[in-house]
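Printed here is my_file.cif (mmCIF, C-alpha atoms and all ligand atoms):
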```cif
data_entry
#
loop_
_atom_site.label_atom_id
_atom_site.label_comp_id
_atom_site.auth_asym_id
_atom_site.auth_seq_id
_atom_site.Cartn_x
_atom_site.Cartn_y
_atom_site.Cartn_z
CA MET H 28 113.82 -123.45 65.41
CA LYS H 29 110.66 -123.70 67.41
CA LYS H 30 110.86 -120.03 68.36
CA LYS H 31 111.32 -118.91 64.77
CA ALA H 32 108.25 -120.82 63.65
CA PHE H 33 106.25 -119.24 66.42
CA VAL H 34 107.33 -115.74 65.45
CA LEU H 35 106.44 -116.45 61.82
CA LEU H 36 103.04 -117.76 62.84
CA LEU H 37 102.46 -114.71 65.00
CA ALA H 38 103.44 -112.37 62.18
CA PHE H 39 101.21 -114.23 59.75
CA SER H 40 98.19 -114.09 62.05
CA MET H 41 98.72 -110.38 62.63
CA VAL H 42 98.73 -109.74 58.89
CA LEU H 43 95.60 -111.85 58.56
CA ALA H 44 93.85 -110.02 61.40
CA PHE H 45 94.74 -106.68 59.86
CA ALA H 46 93.48 -107.73 56.44
CA LEU H 47 90.20 -108.97 57.91
CA SER H 48 89.60 -105.82 59.93
CA ALA H 49 90.38 -103.64 56.90
CA CYS H 50 87.74 -105.28 54.71
CA GLY H 51 85.25 -106.07 57.46
CA GLY H 52 82.36 -103.73 58.24
CA GLY H 53 82.59 -101.64 55.13
CA SER H 54 81.86 -104.54 52.80
CA SER H 55 78.14 -104.67 53.57
CA ASP H 56 77.47 -101.00 52.83
CA GLY H 57 79.73 -100.47 49.87
CA GLY H 58 83.39 -100.21 50.84
CA ASP H 59 84.69 -96.90 52.13
CA GLU H 60 81.35 -95.08 52.11
CA GLU H 61 81.14 -92.39 54.83
CA ALA H 62 78.95 -92.97 57.87
CA THR H 63 75.68 -91.03 58.05
CA LEU H 64 76.02 -88.02 60.34
CA ARG H 65 73.23 -87.56 62.89
CA VAL H 66 71.83 -84.03 62.89
CA VAL H 67 69.81 -83.46 66.06
CA THR H 68 67.09 -80.82 66.31
CA GLU H 69 63.81 -79.92 68.01
CA ALA H 70 61.16 -79.60 65.36
CA THR H 71 58.47 -77.25 66.69
CA PHE H 72 60.41 -74.13 65.68
CA ALA H 73 58.88 -73.14 62.33
CA PRO H 74 60.16 -72.00 59.90
CA PHE H 75 63.59 -73.30 61.02
CA GLU H 76 62.42 -76.86 61.75
CA PHE H 77 58.94 -78.26 62.08
CA THR H 78 56.72 -81.20 61.23
CA GLU H 79 53.22 -81.04 59.84
CA ASP H 80 50.24 -82.72 61.46
CA GLY H 81 50.30 -86.45 60.99
CA ASP H 82 53.73 -86.44 59.36
CA ASP H 83 57.16 -87.24 60.83
CA GLU H 84 59.16 -85.54 58.11
CA ILE H 85 61.14 -82.57 59.44
CA LYS H 86 61.10 -79.54 57.16
CA GLY H 87 62.36 -75.99 57.30
CA PHE H 88 65.21 -73.59 56.71
CA ASP H 89 67.72 -75.47 58.87
CA VAL H 90 66.87 -78.76 57.13
CA ASP H 91 67.32 -77.31 53.64
CA MET H 92 70.48 -75.49 54.71
CA MET H 93 72.08 -78.59 56.25
CA ASN H 94 71.11 -80.68 53.21
CA ALA H 95 72.69 -78.11 50.89
CA ILE H 96 75.87 -78.00 53.01
CA ALA H 97 76.01 -81.80 53.12
CA GLU H 98 75.60 -82.05 49.36
CA ASP H 99 78.28 -79.44 48.78
CA GLN H 100 80.72 -81.26 51.08
CA GLY H 101 79.83 -84.84 50.11
CA LEU H 102 78.44 -85.70 53.56
CA LYS H 103 75.53 -88.00 54.35
CA ILE H 104 73.14 -86.71 57.04
CA GLU H 105 69.94 -87.74 58.77
CA PHE H 106 67.75 -85.69 61.13
CA ILE H 107 66.77 -86.80 64.62
CA ASN H 108 64.03 -84.97 66.54
CA MET H 109 64.40 -84.56 70.32
CA GLU H 110 63.70 -82.07 73.11
CA PHE H 111 65.61 -78.81 72.93
CA ASP H 112 67.38 -79.23 76.26
CA SER H 113 68.62 -82.67 75.13
CA LEU H 114 70.49 -81.34 72.09
CA ILE H 115 73.81 -80.38 73.69
CA PRO H 116 73.79 -83.47 75.96
CA ALA H 117 73.21 -85.53 72.78
CA LEU H 118 76.49 -84.29 71.31
CA GLU H 119 78.28 -84.78 74.63
CA SER H 120 77.09 -88.40 74.89
CA ASP H 121 77.70 -89.13 71.18
CA GLN H 122 74.01 -89.54 70.39
CA GLY H 123 74.42 -86.92 67.67
CA ASP H 124 77.12 -85.37 65.47
CA ILE H 125 75.61 -81.98 64.61
CA ILE H 126 73.00 -79.66 66.17
CA ALA H 127 70.95 -77.59 63.74
CA ALA H 128 68.12 -76.01 65.72
CA GLY H 129 68.10 -72.23 65.41
CA MET H 130 70.43 -72.28 68.36
CA ASN H 131 72.00 -69.05 69.61
CA LYS H 132 75.72 -69.75 69.90
CA LEU H 133 76.24 -66.82 72.29
CA ALA H 134 73.87 -67.99 75.04
CA GLY H 135 75.01 -69.25 78.46
CA ASP H 136 77.78 -71.82 78.51
CA ARG H 137 76.75 -73.55 75.28
CA ALA H 138 80.07 -72.77 73.58
CA GLU H 139 81.91 -74.58 76.37
CA LYS H 140 80.00 -77.79 75.68
CA ALA H 141 79.88 -77.82 71.88
CA ASP H 142 81.82 -76.17 69.05
CA PHE H 143 79.67 -73.75 67.06
CA GLY H 144 80.11 -72.83 63.41
CA ASP H 145 79.77 -69.57 61.53
CA THR H 146 76.61 -67.58 62.20
CA TYR H 147 73.89 -68.23 59.60
CA PHE H 148 71.03 -66.14 61.03
CA GLU H 149 70.55 -63.31 63.55
CA SER H 150 67.56 -62.80 65.79
CA ASP H 151 66.10 -61.17 68.88
CA LEU H 152 63.26 -62.06 71.22
CA MET H 153 59.73 -60.69 70.86
CA LEU H 154 56.58 -60.77 72.96
CA LEU H 155 53.59 -62.43 71.32
CA VAL H 156 50.16 -61.74 72.84
CA LYS H 157 46.52 -62.38 71.93
CA SER H 158 45.19 -59.92 69.37
CA ASP H 159 42.79 -58.35 71.89
CA SER H 160 45.47 -57.92 74.60
CA THR H 161 46.11 -54.46 76.03
CA LEU H 162 49.68 -55.33 77.02
CA THR H 163 52.07 -52.90 75.31
CA GLY H 164 55.39 -54.73 75.58
CA ILE H 165 57.75 -56.73 77.77
CA ASP H 166 58.41 -53.71 80.05
CA ALA H 167 54.69 -53.47 80.84
CA VAL H 168 54.26 -56.96 82.32
CA THR H 169 52.82 -57.12 85.86
CA PRO H 170 53.31 -59.54 88.79
CA ASP H 171 49.94 -61.23 88.17
CA MET H 172 50.88 -62.41 84.67
CA LYS H 173 52.22 -65.66 83.27
CA LEU H 174 54.45 -65.86 80.21
CA ALA H 175 55.28 -69.04 78.29
CA SER H 176 58.35 -70.09 76.32
CA GLN H 177 60.36 -73.21 75.52
CA ILE H 178 62.47 -75.03 78.10
CA GLY H 179 66.22 -74.64 77.71
CA THR H 180 65.96 -71.73 75.29
CA THR H 181 66.88 -68.07 75.58
CA GLY H 182 63.16 -67.27 75.79
CA GLY H 183 62.68 -69.89 78.50
CA ASP H 184 65.52 -68.40 80.53
CA TYR H 185 64.09 -64.92 80.01
CA VAL H 186 60.63 -65.72 81.39
CA GLN H 187 62.19 -67.66 84.25
CA LYS H 188 64.29 -64.62 85.14
CA LEU H 189 61.25 -62.32 85.08
CA ALA H 190 59.52 -64.71 87.49
CA ASP H 191 62.58 -64.91 89.77
CA GLU H 192 62.64 -61.11 89.91
CA GLY H 193 58.96 -61.04 90.81
CA LYS H 194 58.04 -59.13 87.65
CA ILE H 195 55.60 -61.87 86.60
CA ALA H 196 53.78 -64.58 88.57
CA GLN H 197 55.20 -67.50 86.62
CA GLY H 198 57.44 -68.40 83.71
CA VAL H 199 55.78 -71.36 82.04
CA VAL H 200 58.55 -73.29 80.30
CA LEU H 201 57.24 -76.00 78.00
CA ASN H 202 58.82 -78.69 75.86
CA GLN H 203 57.34 -77.53 72.57
CA TRP H 204 56.67 -74.15 71.00
CA THR H 205 53.33 -75.49 69.83
CA ASP H 206 52.35 -75.91 73.53
CA SER H 207 53.25 -72.27 74.22
CA TYR H 208 51.00 -71.07 71.39
CA MET H 209 48.23 -73.32 72.69
CA GLN H 210 48.52 -71.87 76.21
CA LEU H 211 48.25 -68.38 74.74
CA GLN H 212 45.17 -69.29 72.71
CA ASN H 213 43.56 -70.85 75.79
CA GLY H 214 44.29 -67.81 77.92
CA ASP H 215 46.49 -69.81 80.34
CA VAL H 216 49.31 -67.30 79.78
CA GLN H 217 49.22 -63.63 78.80
CA GLY H 218 52.15 -63.84 76.40
CA VAL H 219 54.79 -65.99 74.71
CA VAL H 220 58.45 -64.96 74.53
CA VAL H 221 59.71 -66.21 71.18
CA ASP H 222 62.41 -65.62 68.57
CA LYS H 223 61.26 -62.87 66.19
CA PRO H 224 61.36 -64.84 62.89
CA VAL H 225 59.56 -67.76 64.54
CA GLY H 226 56.84 -65.55 66.02
CA GLU H 227 56.48 -63.95 62.59
CA ALA H 228 55.87 -67.35 60.99
CA TYR H 229 53.21 -68.07 63.61
CA LEU H 230 51.56 -64.71 62.95
CA ASN H 231 51.52 -65.34 59.20
CA ALA H 232 49.12 -68.20 59.86
CA HIS H 233 47.37 -66.75 62.95
CA SER H 234 47.15 -62.98 62.47
CA ASP H 235 43.51 -63.13 63.58
CA ILE H 236 44.32 -64.44 67.06
CA ALA H 237 47.73 -63.02 68.00
CA LYS H 238 50.09 -60.04 67.55
CA PHE H 239 53.54 -58.80 68.52
CA VAL H 240 53.78 -55.94 71.01
CA GLY H 241 56.69 -53.65 71.81
CA GLU H 242 60.26 -53.77 70.59
CA PRO H 243 62.68 -56.70 70.26
CA PHE H 244 64.47 -57.43 73.55
CA GLY H 245 66.97 -59.77 75.17
CA ASP H 246 70.52 -60.38 74.00
CA HIS H 247 71.01 -60.28 70.24
CA GLU H 248 71.23 -63.88 68.98
CA GLU H 249 73.49 -65.54 66.44
CA PHE H 250 72.21 -68.88 65.19
CA ALA H 251 74.83 -71.47 64.34
CA TYR H 252 75.12 -75.24 63.94
CA ALA H 253 77.35 -77.05 66.40
CA VAL H 254 79.50 -80.18 66.46
CA GLN H 255 81.02 -82.25 69.25
CA LYS H 256 83.83 -80.47 71.11
CA GLY H 257 87.05 -80.76 69.13
CA ASN H 258 85.56 -82.04 65.85
CA LYS H 259 87.34 -79.36 63.86
CA GLU H 260 87.44 -81.45 60.70
CA LEU H 261 83.64 -81.62 60.49
CA LEU H 262 83.15 -78.01 61.58
CA ASP H 263 85.54 -76.78 58.86
CA LYS H 264 83.54 -78.72 56.25
CA LEU H 265 80.22 -77.30 57.44
CA ASN H 266 81.61 -73.76 57.41
CA ALA H 267 83.06 -74.28 53.92
CA GLY H 268 79.67 -75.56 52.74
CA LEU H 269 77.89 -72.55 54.24
CA ALA H 270 80.36 -70.16 52.61
CA ASN H 271 79.78 -71.85 49.24
CA MET H 272 75.99 -71.63 49.71
CA LYS H 273 76.25 -67.92 50.41
CA GLU H 274 78.45 -67.43 47.36
CA ASN H 275 76.40 -69.44 44.86
CA GLY H 276 73.01 -67.99 45.80
CA THR H 277 71.56 -71.09 47.49
CA TYR H 278 71.51 -69.36 50.87
CA ASP H 279 69.48 -66.41 49.51
CA GLU H 280 67.08 -68.78 47.77
CA LEU H 281 66.38 -70.53 51.06
CA VAL H 282 65.87 -67.24 52.89
CA ASP H 283 63.35 -66.30 50.18
CA LYS H 284 61.66 -69.69 50.41
CA TRP H 285 61.19 -69.69 54.19
CA PHE H 286 61.04 -66.05 55.27
CA SER H 287 59.02 -64.15 52.68
N1 LIG G 1 67.09 -69.22 69.64
C1 LIG G 1 66.66 -69.81 70.87
C2 LIG G 1 67.82 -70.44 71.59
O1 LIG G 1 68.86 -70.61 71.03
C3 LIG G 1 65.56 -70.82 70.67
C4 LIG G 1 65.90 -71.97 69.78
C5 LIG G 1 64.82 -73.01 69.73
N2 LIG G 1 65.04 -73.93 68.68
C6 LIG G 1 64.30 -75.05 68.46
N3 LIG G 1 64.60 -75.79 67.44
N4 LIG G 1 63.33 -75.37 69.26
O2 LIG G 1 67.73 -70.77 72.75
#
```
If you took the structure in this file and wrote it as structure tokens, what would it be?
Ligand code: ARG
Amino acid sequence: MKKKAFVLLLAFSMVLAFALSACGGGSSDGGDEEATLRVVTEATFAPFEFTEDGDDEIKGFDVDMMNAIAEDQGLKIEFINMEFDSLIPALESDQGDIIAAGMNKLAGDRAEKADFGDTYFESDLMLLVKSDSTLTGIDAVTPDMKLASQIGTTGGDYVQKLADEGKIAQGVVLNQWTDSYMQLQNGDVQGVVVDKPVGEAYLNAHSDIAKFVGEPFGDHEEFAYAVQKGNKELLDKLNAGLANMKENGTYDELVDKWFS
């Protein structure tokens, strides 16, 4: 008798616990509403992602693209700005769900640490110099020169390699692209190694002080968003959203908006 009552009580409390856990948590923010996905980026990479002076709002091609994908797939997203070399670690330590940062999915061991989606943009590296520079291209650099780029990027690795090989005096790898441009303007470095579309955006606003020299170089890049290793469900949704954007003209509209 006693045992049966105990079993009943146990069963009852389990049902109660289950019922409580099922309605708990969700009740405050509207039932089964999806959690907001954290999109991490580094926002000094105009026109892909950037902020304007005195404003925290992140704008750019990647922001519009991710918002369009999220809308298409019924996802809620928010953007979080951090340093470029923190982006992959952020996914690995669950500080972020998605990277959208003009990131080349083919570089280094990135694809071992995060799962990349379909390519949404292709790029190469270019050398940006001051408008009065006599430098003719990346092959003409000399061991007395310094070149700047961003830490953790393909450009950063490229200038570091040139320095290691003794082809330049120093690869100056900085946290923000804006610092690289500043170093060039100040004459602290003789050039900046930067992604072609990003250098072009800089030149659009600064054609009086800088120019590209030589041909594109480095490994051809494929930009893609990334998710945490194994999050196939989310990656499939993002890829489906991108495919829909390309089909319904939204993708082309955004290319027009940010790259013309
Ligand atoms: N495409 C280069 C890379 O993948 C640079 C990307 C920099 N992006 C940024 N949001 N700062 O390494």
Handout entry: Exercise answer, 8 Å around ligand LIG 1 (chain G) with only C-alpha atoms and all ligand atoms, as a list in words
Key = Thr68, Glu69, Ala70, Thr71, Phe72, Phe75, Glu76, Glu110, Phe111, Ala127, Ala128, Gly129, Met130, Asn131, Lys132, Ala134, Ser150, Gln177, Gly179, Thr180, Thr181, Gly182, Gly183, Gln203, Trp204, Val221, Asp222, Glu248 and Phe250 of chain H
Practice task
For each of H:Val254, H:Met172, H:Leu281, H:Leu154, take the minimum atom-to-atom distance to Phe239 of chain H, counting all atoms listed in the file, then give the residue where this is smallest.
Solution key: H:Leu154
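The closest residue to Tyr229 of chain H, picked from H:Met209, H:Ile115, H:Ala175, H:Val67 and counting all atoms listed in the file, is H:Met209.
Closest approach to Ile125 of chain H from the set H:Lys86, H:Arg65, H:Lys188, H:Lys103 is made by H:Arg65, with distances taken over all atoms listed in the file.
We find atom CA of Ala232 of chain H and atom CA of Gly214 of chain H to be spaced 18.7 Å apart.
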Problem - For Met272 of chain H: contacts at 10 Å, all atoms listed in the file, fewer than 3 positions along chain excluded, given as a list in words - result: Met92, Ala95, Ile96, Asp99, Asn266, Ala267, Gly268, Leu269, Asn275, Gly276, Thr277, Tyr278, Asp279, Glu280 and Leu281 of chain H
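Of the listed residues (H:Ile107, H:Ala117, H:Val156, H:Ala62), H:Ala117 comes nearest to Lys140 of chain H; the distances count only C-alpha atoms.
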Around all of segment 99-102 of chain H's listed atoms, make the axis-aligned box with 3 Å on each side and tell me centre and edge lengths in Å to one decimal, as JSON.
```
{"center_x": 79.5, "center_y": -82.6, "center_z": 51.2, "size_x": 8.4, "size_y": 12.3, "size_z": 10.8}
```
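Straight-line separation from atom CA of Lys173 of chain H to atom CA of Asp151 of chain H: 20.5 Å.
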Could segment 63-95 of chain H be completed with N, CA and C atoms and returned as an mmCIF file, in the coordinates of the input?
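Result file result_0.cif:
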```cif
data_model
loop_
_atom_site.group_PDB
_atom_site.id
_atom_site.type_symbol
_atom_site.label_atom_id
_atom_site.label_comp_id
_atom_site.auth_asym_id
_atom_site.auth_seq_id
_atom_site.Cartn_x
_atom_site.Cartn_y
_atom_site.Cartn_z
ATOM 1 N N THR H 63 76.691 -92.078 58.037
ATOM 2 C CA THR H 63 75.680 -91.030 58.050
ATOM 3 C C THR H 63 75.799 -90.206 59.326
ATOM 4 N N LEU H 64 75.896 -88.908 59.176
ATOM 5 C CA LEU H 64 76.020 -88.020 60.340
ATOM 6 C C LEU H 64 74.639 -87.722 60.900
ATOM 7 N N ARG H 65 74.516 -87.783 62.232
ATOM 8 C CA ARG H 65 73.230 -87.560 62.890
ATOM 9 C C ARG H 65 73.074 -86.085 63.253
ATOM 10 N N VAL H 66 72.115 -85.428 62.596
ATOM 11 C CA VAL H 66 71.830 -84.030 62.890
ATOM 12 C C VAL H 66 70.654 -83.985 63.866
ATOM 13 N N VAL H 67 70.891 -83.496 65.072
ATOM 14 C CA VAL H 67 69.810 -83.460 66.060
ATOM 15 C C VAL H 67 69.167 -82.073 66.089
ATOM 16 N N THR H 68 67.846 -82.067 66.308
ATOM 17 C CA THR H 68 67.090 -80.820 66.310
ATOM 18 C C THR H 68 65.847 -80.973 67.160
ATOM 19 N N GLU H 69 65.108 -79.871 67.323
ATOM 20 C CA GLU H 69 63.810 -79.920 68.010
ATOM 21 C C GLU H 69 62.823 -79.253 67.070
ATOM 22 N N ALA H 70 61.913 -80.038 66.533
ATOM 23 C CA ALA H 70 61.160 -79.600 65.360
ATOM 24 C C ALA H 70 59.774 -79.043 65.657
ATOM 25 N N THR H 71 59.720 -78.018 66.569
ATOM 26 C CA THR H 71 58.470 -77.250 66.690
ATOM 27 C C THR H 71 58.763 -75.767 66.470
ATOM 28 N N PHE H 72 59.869 -75.483 65.771
ATOM 29 C CA PHE H 72 60.410 -74.130 65.680
ATOM 30 C C PHE H 72 60.305 -73.625 64.236
ATOM 31 N N ALA H 73 59.088 -73.583 63.716
ATOM 32 C CA ALA H 73 58.880 -73.140 62.330
ATOM 33 C C ALA H 73 59.252 -71.661 62.207
ATOM 34 N N PRO H 74 59.869 -71.225 61.111
ATOM 35 C CA PRO H 74 60.160 -72.000 59.900
ATOM 36 C C PRO H 74 61.549 -72.642 59.882
ATOM 37 N N PHE H 75 62.252 -72.701 61.015
ATOM 38 C CA PHE H 75 63.590 -73.300 61.020
ATOM 39 C C PHE H 75 63.524 -74.823 60.970
ATOM 40 N N GLU H 76 62.637 -75.404 61.804
ATOM 41 C CA GLU H 76 62.420 -76.860 61.750
ATOM 42 C C GLU H 76 61.058 -77.161 62.341
ATOM 43 N N PHE H 77 60.284 -77.933 61.611
ATOM 44 C CA PHE H 77 58.940 -78.260 62.080
ATOM 45 C C PHE H 77 58.437 -79.499 61.351
ATOM 46 N N THR H 78 57.397 -80.096 61.920
ATOM 47 C CA THR H 78 56.720 -81.200 61.230
ATOM 48 C C THR H 78 55.272 -80.761 61.027
ATOM 49 N N GLU H 79 54.626 -81.357 60.053
ATOM 50 C CA GLU H 79 53.220 -81.040 59.840
ATOM 51 C C GLU H 79 52.368 -82.139 60.448
ATOM 52 N N ASP H 80 51.151 -81.768 60.816
ATOM 53 C CA ASP H 80 50.240 -82.720 61.460
ATOM 54 C C ASP H 80 50.231 -84.068 60.758
ATOM 55 N N GLY H 81 50.395 -85.107 61.534
ATOM 56 C CA GLY H 81 50.300 -86.450 60.990
ATOM 57 C C GLY H 81 51.463 -86.854 60.109
ATOM 58 N N ASP H 82 52.588 -86.153 60.216
ATOM 59 C CA ASP H 82 53.730 -86.440 59.360
ATOM 60 C C ASP H 82 55.012 -86.306 60.185
ATOM 61 N N ASP H 83 55.915 -87.277 60.055
ATOM 62 C CA ASP H 83 57.160 -87.240 60.830
ATOM 63 C C ASP H 83 58.260 -86.447 60.148
ATOM 64 N N GLU H 84 58.080 -86.167 58.866
ATOM 65 C CA GLU H 84 59.160 -85.540 58.110
ATOM 66 C C GLU H 84 59.455 -84.131 58.648
ATOM 67 N N ILE H 85 60.737 -83.882 58.927
ATOM 68 C CA ILE H 85 61.140 -82.570 59.440
ATOM 69 C C ILE H 85 61.483 -81.675 58.253
ATOM 70 N N LYS H 86 60.884 -80.491 58.245
ATOM 71 C CA LYS H 86 61.100 -79.540 57.160
ATOM 72 C C LYS H 86 61.590 -78.229 57.729
ATOM 73 N N GLY H 87 62.035 -77.331 56.866
ATOM 74 C CA GLY H 87 62.360 -75.990 57.300
ATOM 75 C C GLY H 87 63.691 -75.487 56.807
ATOM 76 N N PHE H 88 63.992 -74.239 57.168
ATOM 77 C CA PHE H 88 65.210 -73.590 56.710
ATOM 78 C C PHE H 88 66.450 -74.376 57.119
ATOM 79 N N ASP H 89 66.529 -74.759 58.393
ATOM 80 C CA ASP H 89 67.720 -75.470 58.870
ATOM 81 C C ASP H 89 67.915 -76.802 58.134
ATOM 82 N N VAL H 90 66.802 -77.467 57.822
ATOM 83 C CA VAL H 90 66.870 -78.760 57.130
ATOM 84 C C VAL H 90 67.421 -78.559 55.721
ATOM 85 N N ASP H 91 66.844 -77.582 55.001
ATOM 86 C CA ASP H 91 67.320 -77.310 53.640
ATOM 87 C C ASP H 91 68.773 -76.847 53.650
ATOM 88 N N MET H 92 69.109 -75.999 54.621
ATOM 89 C CA MET H 92 70.480 -75.490 54.710
ATOM 90 C C MET H 92 71.471 -76.629 54.967
ATOM 91 N N MET H 93 71.155 -77.493 55.932
ATOM 92 C CA MET H 93 72.080 -78.590 56.250
ATOM 93 C C MET H 93 72.184 -79.568 55.076
ATOM 94 N N ASN H 94 71.060 -79.793 54.388
ATOM 95 C CA ASN H 94 71.110 -80.680 53.210
ATOM 96 C C ASN H 94 71.978 -80.077 52.110
ATOM 97 N N ALA H 95 71.878 -78.763 51.922
ATOM 98 C CA ALA H 95 72.690 -78.110 50.890
ATOM 99 C C ALA H 95 74.173 -78.155 51.264
#
```
